[in-house]
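Printed here is protein_5.csv (CSV, C-alpha atoms):
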chain,number,residue,atom,x,y,z
A,1,MET,CA,0.0,0.0,0.0
A,2,LYS,CA,1.3,3.5,-0.9
A,3,LYS,CA,2.4,5.6,2.0
A,4,SER,CA,-0.2,8.3,1.2
A,5,ASN,CA,-3.0,5.6,1.3
A,6,CYS,CA,-1.7,4.4,4.6
A,7,LEU,CA,-1.9,7.9,6.0
A,8,SER,CA,-5.5,8.3,4.6
A,9,VAL,CA,-6.6,5.1,6.3
A,10,PHE,CA,-5.0,6.3,9.6
A,11,LEU,CA,-6.8,9.6,9.3
A,12,VAL,CA,-10.1,7.9,8.7
A,13,ILE,CA,-9.6,5.7,11.7
A,14,MET,CA,-8.8,8.8,13.8
A,15,LEU,CA,-11.9,10.6,12.5
A,16,ILE,CA,-14.1,7.6,13.4
A,17,PHE,CA,-12.5,7.5,16.9
A,18,LEU,CA,-13.0,11.2,17.4
A,19,PHE,CA,-16.6,11.1,16.4
A,20,GLY,CA,-17.3,8.3,18.8
A,21,ILE,CA,-18.9,5.8,16.5
A,22,THR,CA,-19.3,3.0,19.0
A,23,SER,CA,-21.9,0.6,20.0
A,24,SER,CA,-24.4,1.7,22.7
A,25,TYR,CA,-26.0,0.2,25.6
A,26,GLY,CA,-28.4,1.5,28.3
A,27,LEU,CA,-27.5,0.9,31.8
A,28,SER,CA,-29.9,0.8,34.7
A,29,ASP,CA,-28.8,2.8,37.7
A,30,VAL,CA,-29.5,-0.2,39.8
A,31,PHE,CA,-26.0,-1.4,39.2
A,32,LYS,CA,-24.4,2.0,40.2
A,33,ASP,CA,-20.7,2.0,39.3
A,34,ASN,CA,-20.2,-1.7,39.7
A,35,ILE,CA,-20.3,-2.6,36.0
A,36,TYR,CA,-17.0,-3.4,34.3
A,37,ASN,CA,-17.0,-2.3,30.7
A,38,PRO,CA,-14.9,-4.5,28.5
A,39,LYS,CA,-15.6,-2.1,25.6
A,40,ASN,CA,-16.4,-3.4,22.2
A,41,LEU,CA,-15.6,-7.1,21.8
A,42,LYS,CA,-15.3,-9.2,18.6
A,43,PRO,CA,-18.9,-9.8,17.7
A,44,THR,CA,-18.6,-13.6,17.7
A,45,ASP,CA,-15.7,-15.8,18.5
A,46,SER,CA,-16.8,-19.5,18.4
A,47,VAL,CA,-18.1,-22.1,16.1
A,48,LEU,CA,-21.5,-23.7,16.7
A,49,LYS,CA,-21.4,-27.4,17.4
A,50,VAL,CA,-25.2,-27.9,17.0
A,51,LYS,CA,-27.8,-26.9,14.4
A,52,THR,CA,-31.5,-26.6,14.3
A,53,GLY,CA,-33.1,-30.0,14.1
A,54,ASP,CA,-30.4,-31.5,16.4
A,55,ARG,CA,-31.2,-33.0,19.8
A,56,ALA,CA,-30.1,-30.4,22.3
A,57,PRO,CA,-27.1,-31.6,24.3
A,58,ASP,CA,-28.4,-32.4,27.8
A,59,PHE,CA,-26.8,-30.8,30.9
A,60,THR,CA,-27.2,-30.6,34.6
A,61,LEU,CA,-26.1,-27.3,36.2
A,62,SER,CA,-26.3,-25.7,39.6
A,63,ALA,CA,-28.9,-23.1,40.1
A,64,VAL,CA,-28.4,-19.8,42.0
A,65,SER,CA,-31.6,-20.6,43.9
A,66,GLY,CA,-30.2,-23.9,45.0
A,67,GLY,CA,-30.1,-27.5,43.7
A,68,GLU,CA,-29.5,-28.6,40.2
A,69,ILE,CA,-31.5,-28.4,37.0
A,70,SER,CA,-31.3,-30.7,34.0
A,71,LEU,CA,-32.5,-29.8,30.6
A,72,SER,CA,-33.9,-33.3,30.2
A,73,SER,CA,-36.3,-32.7,33.1
A,74,TYR,CA,-38.4,-30.5,30.7
A,75,ILE,CA,-38.8,-33.0,27.9
A,76,GLY,CA,-42.4,-33.7,27.3
A,77,LYS,CA,-43.4,-30.8,29.6
A,78,LYS,CA,-42.2,-27.4,28.5
A,79,ASN,CA,-40.4,-25.7,25.6
A,80,VAL,CA,-37.1,-24.3,26.8
A,81,VAL,CA,-35.4,-21.0,25.9
A,82,ILE,CA,-31.7,-21.0,26.9
A,83,SER,CA,-30.2,-17.5,27.2
A,84,PHE,CA,-26.4,-17.6,27.4
A,85,VAL,CA,-25.0,-14.2,28.4
A,86,PRO,CA,-21.2,-13.6,28.4
A,87,ALA,CA,-20.5,-12.5,31.9
A,88,ALA,CA,-21.9,-11.1,35.1
A,89,TRP,CA,-21.3,-7.4,36.0
A,90,THR,CA,-20.8,-6.3,32.3
A,91,PRO,CA,-23.0,-3.7,30.6
A,92,VAL,CA,-25.2,-5.4,28.0
A,93,CYS,CA,-25.7,-8.6,30.1
A,94,SER,CA,-26.8,-6.5,33.1
A,95,ASP,CA,-29.5,-5.0,31.0
A,96,GLN,CA,-30.9,-8.2,29.5
A,97,TRP,CA,-32.3,-10.6,32.1
A,98,PRO,CA,-34.1,-7.9,34.1
A,99,GLY,CA,-36.3,-7.4,31.0
A,100,TYR,CA,-37.0,-11.1,30.8
A,101,GLY,CA,-38.0,-10.8,34.5
A,102,ILE,CA,-41.3,-9.0,33.5
A,103,VAL,CA,-42.3,-11.2,30.6
A,104,LYS,CA,-43.2,-14.5,32.5
A,105,SER,CA,-46.7,-14.3,31.1
A,106,ILE,CA,-45.3,-14.5,27.5
A,107,PHE,CA,-43.3,-17.6,28.4
A,108,ASP,CA,-46.3,-19.1,30.2
A,109,LYS,CA,-48.6,-18.5,27.2
A,110,ASN,CA,-46.1,-20.4,25.1
A,111,ASN,CA,-45.7,-23.1,27.6
A,112,ALA,CA,-42.0,-22.3,27.9
A,113,ILE,CA,-39.4,-22.0,30.6
A,114,LEU,CA,-36.3,-19.7,30.4
A,115,LEU,CA,-32.9,-20.9,31.6
A,116,GLY,CA,-30.3,-18.2,32.0
A,117,ILE,CA,-26.7,-19.5,31.9
A,118,THR,CA,-23.3,-17.8,32.3
A,119,VAL,CA,-19.9,-19.2,33.1
A,120,ASP,CA,-19.7,-17.3,36.4
A,121,ASN,CA,-19.7,-19.1,39.7
A,122,ILE,CA,-22.7,-19.2,42.0
A,123,PRO,CA,-21.6,-16.5,44.5
A,124,THR,CA,-20.9,-14.1,41.7
A,125,LEU,CA,-24.3,-14.8,40.0
A,126,PHE,CA,-26.0,-14.5,43.4
A,127,ALA,CA,-24.7,-11.0,44.0
A,128,TRP,CA,-25.3,-9.9,40.4
A,129,THR,CA,-28.8,-11.3,40.0
A,130,ASN,CA,-29.8,-9.9,43.4
A,131,GLN,CA,-29.7,-6.4,41.8
A,132,MET,CA,-32.2,-7.4,39.2
A,133,GLY,CA,-35.2,-7.8,41.4
A,134,GLU,CA,-37.0,-11.1,41.5
A,135,LEU,CA,-36.2,-13.2,38.5
A,136,TRP,CA,-38.8,-15.9,37.9
A,137,PHE,CA,-36.5,-18.2,35.8
A,138,PRO,CA,-33.6,-20.3,36.9
A,139,VAL,CA,-30.1,-18.8,36.6
A,140,LEU,CA,-27.5,-21.6,36.1
A,141,SER,CA,-23.8,-21.6,36.6
A,142,ASP,CA,-21.6,-23.2,33.9
A,143,PHE,CA,-18.5,-22.4,35.9
A,144,TRP,CA,-17.0,-25.8,36.5
A,145,PRO,CA,-15.8,-27.7,34.4
A,146,HIS,CA,-15.5,-24.2,33.0
A,147,GLY,CA,-18.0,-23.6,30.2
A,148,ARG,CA,-18.6,-27.2,29.5
A,149,VAL,CA,-22.2,-26.7,28.5
A,150,ALA,CA,-21.5,-23.6,26.5
A,151,ASP,CA,-18.8,-25.5,24.7
A,152,SER,CA,-21.1,-28.5,24.0
A,153,TYR,CA,-23.3,-26.0,22.1
A,154,GLY,CA,-20.4,-24.3,20.5
A,155,VAL,CA,-20.8,-20.9,22.1
A,156,LEU,CA,-17.7,-20.8,24.4
A,157,ARG,CA,-15.4,-18.0,23.2
A,158,SER,CA,-11.7,-18.2,23.1
A,159,ASP,CA,-11.3,-16.1,26.3
A,160,GLY,CA,-13.6,-18.3,28.4
A,161,ILE,CA,-16.8,-16.3,28.3
A,162,THR,CA,-19.8,-17.2,26.2
A,163,GLU,CA,-21.5,-15.7,23.2
A,164,ARG,CA,-24.7,-13.8,23.7
A,165,ALA,CA,-26.8,-16.7,22.4
A,166,ILE,CA,-30.4,-17.9,22.4
A,167,PHE,CA,-31.5,-21.5,21.9
A,168,VAL,CA,-35.1,-22.4,21.6
A,169,ILE,CA,-35.7,-26.1,22.3
A,170,ASP,CA,-39.1,-27.8,21.9
A,171,LYS,CA,-40.8,-30.2,24.2
A,172,LYS,CA,-39.1,-33.2,22.4
A,173,GLY,CA,-35.7,-31.7,23.2
A,174,ILE,CA,-35.1,-30.7,19.6
A,175,ILE,CA,-33.3,-27.4,18.8
A,176,ARG,CA,-35.7,-25.2,16.8
A,177,TYR,CA,-33.9,-21.9,16.8
A,178,ILE,CA,-30.4,-20.7,17.3
A,179,GLY,CA,-29.5,-17.0,17.7
A,180,VAL,CA,-25.9,-16.1,18.2
A,181,GLY,CA,-25.8,-12.4,17.8
A,182,ASP,CA,-23.2,-9.7,18.2
A,183,ILE,CA,-22.0,-10.0,21.8
A,184,ASN,CA,-22.1,-6.2,22.1
A,185,LYS,CA,-25.9,-6.0,21.4
A,186,ARG,CA,-28.9,-7.3,23.3
A,187,PRO,CA,-31.1,-9.6,21.2
A,188,ARG,CA,-34.6,-8.2,20.6
A,189,LEU,CA,-37.3,-9.6,22.8
A,190,GLU,CA,-39.6,-9.9,19.9
A,191,SER,CA,-37.2,-12.2,18.0
A,192,ILE,CA,-37.4,-14.7,21.0
A,193,VAL,CA,-41.2,-14.4,21.2
A,194,ARG,CA,-41.6,-14.9,17.5
A,195,GLU,CA,-39.7,-18.2,17.7
A,196,LEU,CA,-41.6,-19.3,20.7
A,197,GLU,CA,-44.9,-18.6,18.9
A,198,LYS,CA,-43.7,-20.7,15.9
A,199,LEU,CA,-43.6,-23.8,18.2
A,200,ASN,CA,-47.3,-23.6,18.7
A,201,LYS,CA,-48.2,-23.4,15.0
B,1,MET,CA,1.4,14.5,0.7
B,2,LYS,CA,-0.8,17.1,-1.0
B,3,LYS,CA,-3.0,14.4,-2.3
B,4,THR,CA,-3.3,12.9,1.2
B,5,LEU,CA,-4.3,16.2,2.6
B,6,ILE,CA,-7.0,16.5,-0.1
B,7,HIS,CA,-8.2,13.0,0.9
B,8,PHE,CA,-8.3,14.0,4.5
B,9,ILE,CA,-10.3,17.2,3.9
B,10,VAL,CA,-12.8,15.4,1.7
B,11,ILE,CA,-13.3,12.7,4.3
B,12,ALA,CA,-13.5,15.2,7.1
B,13,VAL,CA,-16.2,17.2,5.2
B,14,CYS,CA,-18.1,13.9,4.5
B,15,VAL,CA,-18.0,13.0,8.2
B,16,PHE,CA,-19.3,16.4,9.2
B,17,VAL,CA,-22.0,16.4,6.6
B,18,PHE,CA,-23.2,12.9,6.9
B,19,SER,CA,-22.8,12.3,10.6
B,20,PRO,CA,-26.1,12.6,12.5
B,21,PRO,CA,-26.3,15.3,15.1
B,22,VAL,CA,-26.5,12.7,17.8
B,23,ILE,CA,-22.8,12.7,18.2
B,24,ALA,CA,-22.5,16.4,18.6
B,25,ASP,CA,-23.5,16.3,22.3
B,26,GLN,CA,-22.3,13.6,24.6
B,27,SER,CA,-23.2,15.1,28.0
B,28,PRO,CA,-26.7,15.2,29.6
B,29,PRO,CA,-28.7,18.3,29.1
B,30,ARG,CA,-27.8,21.0,31.6
B,31,GLU,CA,-30.4,22.8,33.7
B,32,GLY,CA,-30.8,26.3,32.2
B,33,ALA,CA,-29.8,25.1,28.7
B,34,ILE,CA,-32.1,24.1,25.9
B,35,LEU,CA,-32.9,20.6,25.0
B,36,PRO,CA,-30.8,19.1,22.2
B,37,GLU,CA,-32.9,18.7,19.0
B,38,ILE,CA,-34.7,15.4,19.2
B,39,ASN,CA,-37.2,14.1,16.6
B,40,LEU,CA,-39.8,11.7,17.9
B,41,ALA,CA,-42.3,9.7,15.8
B,42,THR,CA,-45.7,11.3,16.2
B,43,PRO,CA,-47.9,8.8,18.1
B,44,VAL,CA,-50.3,6.8,16.0
B,45,LYS,CA,-52.9,6.6,18.7
B,46,ASP,CA,-55.4,9.5,18.5
B,47,SER,CA,-55.5,9.7,22.3
B,48,ASP,CA,-51.7,10.1,22.6
B,49,ARG,CA,-51.7,12.8,19.9
B,50,SER,CA,-54.6,14.5,21.6
B,51,TYR,CA,-52.9,14.4,25.0
B,52,LEU,CA,-49.7,16.0,23.5
B,53,GLY,CA,-51.7,18.4,21.4
B,54,LEU,CA,-49.9,17.3,18.2
B,55,PRO,CA,-51.2,17.4,14.6
B,56,VAL,CA,-51.0,14.3,12.4
B,57,SER,CA,-47.4,14.3,11.0
B,58,ASP,CA,-44.4,12.0,10.8
B,59,LEU,CA,-42.2,13.5,13.4
B,60,PHE,CA,-42.3,16.2,16.1
B,61,LYS,CA,-39.9,17.9,18.5
B,62,ILE,CA,-40.6,17.9,22.2
B,63,PRO,CA,-41.0,21.7,22.5
B,64,GLN,CA,-43.9,21.4,20.0
B,65,ILE,CA,-45.9,19.6,22.7
B,66,ASN,CA,-48.8,21.8,23.7
B,67,ALA,CA,-47.9,22.4,27.3
B,68,ARG,CA,-46.1,24.7,29.6
B,69,VAL,CA,-44.0,21.9,31.2
B,70,VAL,CA,-43.0,18.6,29.7
B,71,LEU,CA,-41.5,15.9,31.9
B,72,ILE,CA,-39.4,13.3,30.1
B,73,GLU,CA,-38.5,10.0,31.6
B,74,ILE,CA,-35.6,8.1,29.9
B,75,PHE,CA,-36.4,4.5,30.8
B,76,SER,CA,-35.8,0.9,29.7
B,77,MET,CA,-38.0,-2.2,30.0
B,78,TYR,CA,-34.7,-3.9,31.0
B,79,CYS,CA,-34.1,-1.5,33.9
B,80,PRO,CA,-35.1,-2.8,37.4
B,81,HIS,CA,-35.4,0.7,38.9
B,82,CYS,CA,-37.7,1.8,36.0
B,83,GLN,CA,-39.8,-1.3,36.6
B,84,ALA,CA,-40.0,-0.6,40.3
B,85,ASP,CA,-40.8,3.1,39.8
B,86,ALA,CA,-43.4,2.5,37.0
B,87,HIS,CA,-46.5,2.6,39.3
B,88,THR,CA,-45.2,5.8,41.0
B,89,VAL,CA,-44.7,7.5,37.6
B,90,ASN,CA,-48.3,6.5,36.7
B,91,LYS,CA,-49.5,8.0,39.9
B,92,LEU,CA,-47.6,11.2,39.0
B,93,TYR,CA,-49.5,11.2,35.7
B,94,ASN,CA,-52.9,10.6,37.4
B,95,ILE,CA,-52.3,13.4,39.9
B,96,ILE,CA,-51.6,15.8,37.1
B,97,GLU,CA,-54.6,14.7,35.0
B,98,ASP,CA,-56.9,14.9,38.0
B,99,ASN,CA,-56.0,18.5,38.7
B,100,PRO,CA,-57.9,20.8,36.3
B,101,LYS,CA,-55.3,23.5,36.9
B,102,LEU,CA,-52.5,21.3,35.8
B,103,LYS,CA,-53.8,18.8,33.2
B,104,ASP,CA,-53.4,21.2,30.2
B,105,LYS,CA,-50.1,22.6,31.4
B,106,VAL,CA,-48.0,19.6,32.4
B,107,LYS,CA,-47.4,16.6,30.1
B,108,LEU,CA,-45.4,13.4,30.7
B,109,ILE,CA,-43.6,11.2,28.1
B,110,GLY,CA,-41.2,8.3,28.3
B,111,ILE,CA,-38.4,7.4,25.9
B,112,GLY,CA,-37.3,3.8,26.0
B,113,ALA,CA,-33.5,3.8,25.5
B,114,GLY,CA,-32.5,0.9,23.3
B,115,ASN,CA,-36.0,-0.4,23.4
B,116,SER,CA,-37.8,-1.5,20.2
B,117,SER,CA,-41.5,-0.5,19.7
B,118,TYR,CA,-42.4,-4.1,20.8
B,119,GLU,CA,-40.3,-3.8,24.0
B,120,VAL,CA,-41.8,-0.4,24.8
B,121,GLU,CA,-45.3,-1.8,24.3
B,122,VAL,CA,-44.4,-4.7,26.7
B,123,PHE,CA,-43.4,-2.2,29.3
B,124,ALA,CA,-46.6,-0.1,28.7
B,125,LYS,CA,-48.8,-3.2,29.0
B,126,THR,CA,-47.0,-4.7,32.0
B,127,TYR,CA,-47.4,-1.5,34.0
B,128,ASP,CA,-50.6,0.0,32.4
B,129,VAL,CA,-48.7,3.1,31.5
B,130,PRO,CA,-51.3,5.8,30.6
B,131,PHE,CA,-49.0,8.3,29.0
B,132,PRO,CA,-47.1,8.1,25.6
B,133,LEU,CA,-43.9,6.1,25.4
B,134,PHE,CA,-41.5,6.3,22.5
B,135,SER,CA,-39.0,3.8,21.2
B,136,ASP,CA,-35.3,4.7,20.8
B,137,MET,CA,-34.3,1.4,19.4
B,138,ASP,CA,-30.9,2.4,18.1
B,139,PHE,CA,-30.0,4.5,21.2
B,140,SER,CA,-29.7,7.6,18.9
B,141,ILE,CA,-31.7,9.8,21.3
B,142,HIS,CA,-29.9,8.2,24.3
B,143,LYS,CA,-26.6,9.3,22.7
B,144,ILE,CA,-27.9,12.9,22.2
B,145,LEU,CA,-28.9,12.9,25.8
B,146,GLY,CA,-25.4,11.9,27.0
B,147,GLU,CA,-26.0,8.2,27.4
B,148,VAL,CA,-27.6,8.7,30.8
B,149,ARG,CA,-28.3,5.8,33.1
B,150,THR,CA,-32.0,4.9,33.7
B,151,PRO,CA,-34.3,6.1,35.0
B,152,TYR,CA,-33.4,9.7,34.2
B,153,PHE,CA,-35.9,12.6,34.4
B,154,MET,CA,-35.8,15.9,32.5
B,155,GLY,CA,-38.2,18.8,32.8
B,156,ILE,CA,-38.5,21.5,30.2
B,157,LYS,CA,-40.4,24.7,30.5
B,158,ILE,CA,-42.0,25.9,27.2
B,159,ASN,CA,-42.4,29.7,26.9
B,160,ASN,CA,-45.2,31.5,25.2
B,161,ASP,CA,-42.9,32.5,22.4
B,162,GLY,CA,-42.0,28.8,21.7
B,163,THR,CA,-38.6,28.9,23.3
B,164,HIS,CA,-37.8,26.6,26.1
B,165,ARG,CA,-35.3,25.7,28.7
B,166,VAL,CA,-34.4,22.7,30.7
B,167,PHE,CA,-35.2,23.2,34.4
B,168,TYR,CA,-34.5,19.7,35.7
B,169,SER,CA,-32.1,17.0,34.5
B,170,LYS,CA,-31.2,14.3,37.0
B,171,LEU,CA,-30.6,10.6,37.4
B,172,GLY,CA,-33.3,8.8,39.4
B,173,GLY,CA,-37.0,8.0,39.4
B,174,VAL,CA,-40.0,9.7,40.8
B,175,ASN,CA,-40.1,7.8,44.1
B,176,ASN,CA,-42.8,10.0,45.6
B,177,ALA,CA,-45.3,11.4,43.1
B,178,ASP,CA,-46.6,14.3,45.3
B,179,LYS,CA,-43.2,15.5,46.3
B,180,PHE,CA,-41.8,15.1,42.8
B,181,LEU,CA,-44.6,17.1,41.3
B,182,ASP,CA,-44.3,19.8,43.8
B,183,MET,CA,-40.6,20.0,43.0
B,184,MET,CA,-41.3,20.2,39.3
B,185,LEU,CA,-43.9,22.9,39.7
B,186,ARG,CA,-41.5,25.0,41.9
B,187,LEU,CA,-38.5,24.5,39.6
B,188,SER,CA,-40.5,25.3,36.5
B,189,GLY,CA,-42.0,28.4,38.0
B,190,LEU,CA,-45.6,27.1,37.6
B,191,LYS,CA,-46.0,27.4,41.3

Render the structure in this file as structure tokens.
Amino acid sequence: MKKSNCLSVFLVIMLIFLFGITSSYGLSDVFKDNIYNPKNLKPTDSVLKVKTGDRAPDFTLSAVSGGEISLSSYIGKKNVVISFVPAAWTPVCSDQWPGYGIVKSIFDKNNAILLGITVDNIPTLFAWTNQMGELWFPVLSDFWPHGRVADSYGVLRSDGITERAIFVIDKKGIIRYIGVGDINKRPRLESIVRELEKLNK
Amino acid sequence: MKKTLIHFIVIAVCVFVFSPPVIADQSPPREGAILPEINLATPVKDSDRSYLGLPVSDLFKIPQINARVVLIEIFSMYCPHCQADAHTVNKLYNIIEDNPKLKDKVKLIGIGAGNSSYEVEVFAKTYDVPFPLFSDMDFSIHKILGEVRTPYFMGIKINNDGTHRVFYSKLGGVNNADKFLDMMLRLSGLK
């Protein structure tokens, strides 16, 4: 590349930086100054190991509320939405599950349960989710062996956190929807609801 | 070098011309200042348009609302404090609407930072919100307003000549509807 072109590219990058073209997130004041901002991350950083139509890999994980929860316990009973979020105490994640906390009726209407999973340990998840008010859905820890469940679905990133991913699994245990979005952005609630409603058609 | 400089100038002009005004102001509106220019979609519902005194159009600016004082809540359906404060904000609206001396002078709106129309609607239905809520799905308004945390309240006083000023701009919810309204009336000069 010519020297002048290199300089042009540099200047463009500087302009973009100066004008603050970054991704945005809202942040509830409930978390005060306790949120660590990792800034913009690579949108995705893993390779899926499952596809729609596959049987969802079963798992048993510890829940923040106590005890263990197995995916297989919902077979024949409920549709399951798994929400992997990258890490506790980070900006977008902290403004995701609290919204799901007010839409239990939508999940009930679609005979579905939501399972929230991160690779954080139970004490961390306990402290973090306590700020969110009362969550009606189980929050599960995929801490040890670290990220084993996330890895079985192919959403464990190279730095040990997970993608921001949604899996919709029907009552037969079959994956009907996979959404692995940009880790820096919250998935739209309506996209999850739309997939749930498809299960009833 | 001369060619590079020309490249730079052309790119700089393009960035200035094509950049939305959202990136011009990154700090929250100051009390005493004017509100940054924000375009909101005119409500589709007749009752909302009537409440705000707006004609049928695509977009409107907040100072065009037919009122002396407009209270603006920046909220999110994903924000636990906004959820917890929702009934108190509704109470604030009801106190204003039940007071014949205030109902035409003070109006209340909410802007859902990063919330799609669907998500705003979920919040409105969940908490029976009686006043107009607007979607700011791409955070563009949130950016103009300095990327404030939620809930965040602003009050603007609209003068007879159409000018306006911000008289309140603070992080936090209503918490107590009577006290909050009293404070808004005093700070705006309506009381």

Report as a ChimeraX atom specification all protein, DNA and RNA residues lying within 12 Å of Lys185 in chain A, evaluated on all atoms listed in the file, omitting residues in the same chain fewer than 3 positions from it. /A:22-26,39-44,85-86,91-96,163-165,180-182,188 /B:114-115,137-139

Just checking: using only C-alpha atoms, which residue out of A:Tyr177, A:Tyr74, A:Phe137, A:Phe31 ends up closest to chain B? A:Phe31

Using only C-alpha atoms, can you tell me which of A:Asp58, A:Asp151, A:Asp170, A:Glu190 comes closest to chain B?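 Nearest candidate to chain B out of A:Asp58, A:Asp151, A:Asp170, A:Glu190: A:Glu190.
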
When you get a sec, could you note down which chain B residues fall within 6 Å of chain A, using only C-alpha atoms, as a PDB file with C-alpha atoms, in the frame of the given file?
ATOM      1  CA  THR B   4      -3.300  12.900   1.200  1.00  0.00           C
ATOM      2  CA  MET B  77     -38.000  -2.200  30.000  1.00  0.00           C
ATOM      3  CA  TYR B  78     -34.700  -3.900  31.000  1.00  0.00           C
ATOM      4  CA  CYS B  79     -34.100  -1.500  33.900  1.00  0.00           C
ATOM      5  CA  PRO B  80     -35.100  -2.800  37.400  1.00  0.00           C
ATOM      6  CA  ARG B 149     -28.300   5.800  33.100  1.00  0.00           C
ATOM      7  CA  THR B 150     -32.000   4.900  33.700  1.00  0.00           C
TER       8      THR B 150
END

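Picture a line from CA of Asp85 in chain B to CA of Lys143 in chain B; it runs 23.1 Å.
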
Residue neighbourhood Asn160 in chain B, 12 Å, only C-alpha atoms, exclusion window fewer than 6 positions, as a list in words: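 Everything that qualifies: Pro63, Gln64, Asn66, Ala67, Arg68, Val69 and Lys105 of chain B.
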